[in-house]
Amino acid sequence: MTRAASFIPPPSWQFPQPSPAQPEPAGGSDAASADWVEIEPTLRTRLAFDHAVMLDDAVAEVRSLVEYTPLALSFCPDLFTLTDLRRVYEAVWNVELDAGSFNKKLTDPHRGLTEPTSLTRQGDHGRPSKLYRRGPASCESYISPPILPPRRID
């Protein structure tokens, strides 16, 4: 599986689960260390310089990109369950999604996001979960119709 060529995840992004596609963070020339942290609390934290603006812009960009592109698949291993992929959207949008209706969107053949395999993965309980792979939609393509987050009622 190839990662989105033009996307480098923000250094403070919280991934729903460790993925082999994600690099281990490391300090650099001006940082003694780096680590994965939860995004929502970090957005409410006072950050140095213009880092809060940079982080806010990066989060807004990722939230937009997962609606219209297959970017969310970049955070999944080669074979994944619909739950794995749905958790990516939940982490990015900071919402809990209804599994049944959202899974229909993920498997819609017109969107081309996922392809079923004949494989399953046994979890901690219940029946084995079906495994999927990335569908024909490419990182350079747009999802049509887009996958939109639920409306927030505040």
# chains A, B, ... in the order shown; residues from 1 in each chain; ligands from 1
>>> select_by_dssp(residues="range 21-145 of chain A", states="strand (DSSP E)", output="JSON, numbers by chain")
{"A": [114, 115, 116, 117, 118, 119, 120, 121, 129, 130, 131, 132, 133, 134]}
>>> write_last_selection(atoms="N, CA and C atoms", output="PDB file, in the first residue's frame")
ATOM      1  N   THR A 114     -12.950   0.757  -0.840  1.00  0.00           N
ATOM      2  CA  THR A 114     -12.563  -0.553  -0.312  1.00  0.00           C
ATOM      3  C   THR A 114     -12.948  -1.671  -1.267  1.00  0.00           C
ATOM      4  N   GLU A 115     -12.224  -2.778  -1.154  1.00  0.00           N
ATOM      5  CA  GLU A 115     -12.560  -4.013  -1.860  1.00  0.00           C
ATOM      6  C   GLU A 115     -12.548  -5.136  -0.836  1.00  0.00           C
ATOM      7  N   PRO A 116     -13.578  -5.965  -0.817  1.00  0.00           N
ATOM      8  CA  PRO A 116     -13.574  -7.078   0.137  1.00  0.00           C
ATOM      9  C   PRO A 116     -12.548  -8.133  -0.275  1.00  0.00           C
ATOM     10  N   THR A 117     -12.045  -8.851   0.700  1.00  0.00           N
ATOM     11  CA  THR A 117     -11.173 -10.001   0.440  1.00  0.00           C
ATOM     12  C   THR A 117     -11.905 -11.232   0.965  1.00  0.00           C
ATOM     13  N   SER A 118     -11.339 -12.386   0.763  1.00  0.00           N
ATOM     14  CA  SER A 118     -11.930 -13.616   1.315  1.00  0.00           C
ATOM     15  C   SER A 118     -11.376 -13.915   2.705  1.00  0.00           C
ATOM     16  N   LEU A 119     -10.567 -13.001   3.246  1.00  0.00           N
ATOM     17  CA  LEU A 119      -9.901 -13.219   4.527  1.00  0.00           C
ATOM     18  C   LEU A 119     -10.702 -12.628   5.681  1.00  0.00           C
ATOM     19  N   THR A 120     -10.465 -13.165   6.881  1.00  0.00           N
ATOM     20  CA  THR A 120     -11.077 -12.634   8.098  1.00  0.00           C
ATOM     21  C   THR A 120     -10.008 -12.509   9.169  1.00  0.00           C
ATOM     22  N   ARG A 121     -10.336 -11.757  10.215  1.00  0.00           N
ATOM     23  CA  ARG A 121      -9.442 -11.610  11.370  1.00  0.00           C
ATOM     24  C   ARG A 121     -10.269 -11.840  12.619  1.00  0.00           C
ATOM     25  N   SER A 129     -13.961 -10.817  11.830  1.00  0.00           N
ATOM     26  CA  SER A 129     -14.280  -9.648  11.007  1.00  0.00           C
ATOM     27  C   SER A 129     -13.744  -9.832   9.600  1.00  0.00           C
ATOM     28  N   LYS A 130     -14.523  -9.404   8.613  1.00  0.00           N
ATOM     29  CA  LYS A 130     -14.068  -9.456   7.223  1.00  0.00           C
ATOM     30  C   LYS A 130     -12.939  -8.454   7.026  1.00  0.00           C
ATOM     31  N   LEU A 131     -11.978  -8.854   6.202  1.00  0.00           N
ATOM     32  CA  LEU A 131     -10.864  -7.960   5.884  1.00  0.00           C
ATOM     33  C   LEU A 131     -11.071  -7.352   4.508  1.00  0.00           C
ATOM     34  N   TYR A 132     -10.657  -6.109   4.392  1.00  0.00           N
ATOM     35  CA  TYR A 132     -10.768  -5.352   3.149  1.00  0.00           C
ATOM     36  C   TYR A 132      -9.388  -4.855   2.756  1.00  0.00           C
ATOM     37  N   ARG A 133      -9.278  -4.462   1.509  1.00  0.00           N
ATOM     38  CA  ARG A 133      -8.058  -3.806   1.015  1.00  0.00           C
ATOM     39  C   ARG A 133      -8.482  -2.513   0.347  1.00  0.00           C
ATOM     40  N   ARG A 134      -7.501  -1.697   0.060  1.00  0.00           N
ATOM     41  CA  ARG A 134      -7.754  -0.429  -0.613  1.00  0.00           C
ATOM     42  C   ARG A 134      -8.412  -0.704  -1.965  1.00  0.00           C
TER      43      ARG A 134
END
>>> select_by_dssp(residues="chain A", states="alpha helix (DSSP H)", output="PyMOL selection string")
chain A and resi 39-43+51-68+82-93+99-107
>>> closest_residue(among="A:Ser141, A:Thr81, A:Glu61, A:Ala34", to="Pro128 in chain A", atoms="only C-alpha atoms")
A:Thr81
>>> atom_distance(atom1="CA of Asn103 in chain A", atom2="CA of Glu140 in chain A")
22.7 Å
>>> residues_around(residues="Thr42 in chain A", least_positions_apart="4", cutoff="9 Å", atoms="only C-alpha atoms", output="list of chain:residue names")
A:Ser12, A:Val37, A:Glu38, A:Arg46, A:Leu47, A:Ala52, A:Leu55
>>> residues_around(residues="Glu96 in chain A", least_positions_apart="4", cutoff="10 Å", atoms="only C-alpha atoms", output="number ranges by chain")
A: 86-87, 89-91, 149-150
>>> closest_residue(among="A:Tyr68, A:Ile39, A:Thr83, A:Pro136", to="Lys104 in chain A", atoms="only C-alpha atoms")
A:Thr83
>>> closest_residue(among="A:Asn94, A:Ser29, A:Ser144, A:Ser138", to="Val59 in chain A", atoms="only C-alpha atoms")
A:Asn94
>>> closest_residue(among="A:Ala72, A:Leu43, A:Met54, A:Leu79", to="Ile147 in chain A", atoms="only C-alpha atoms")
A:Ala72
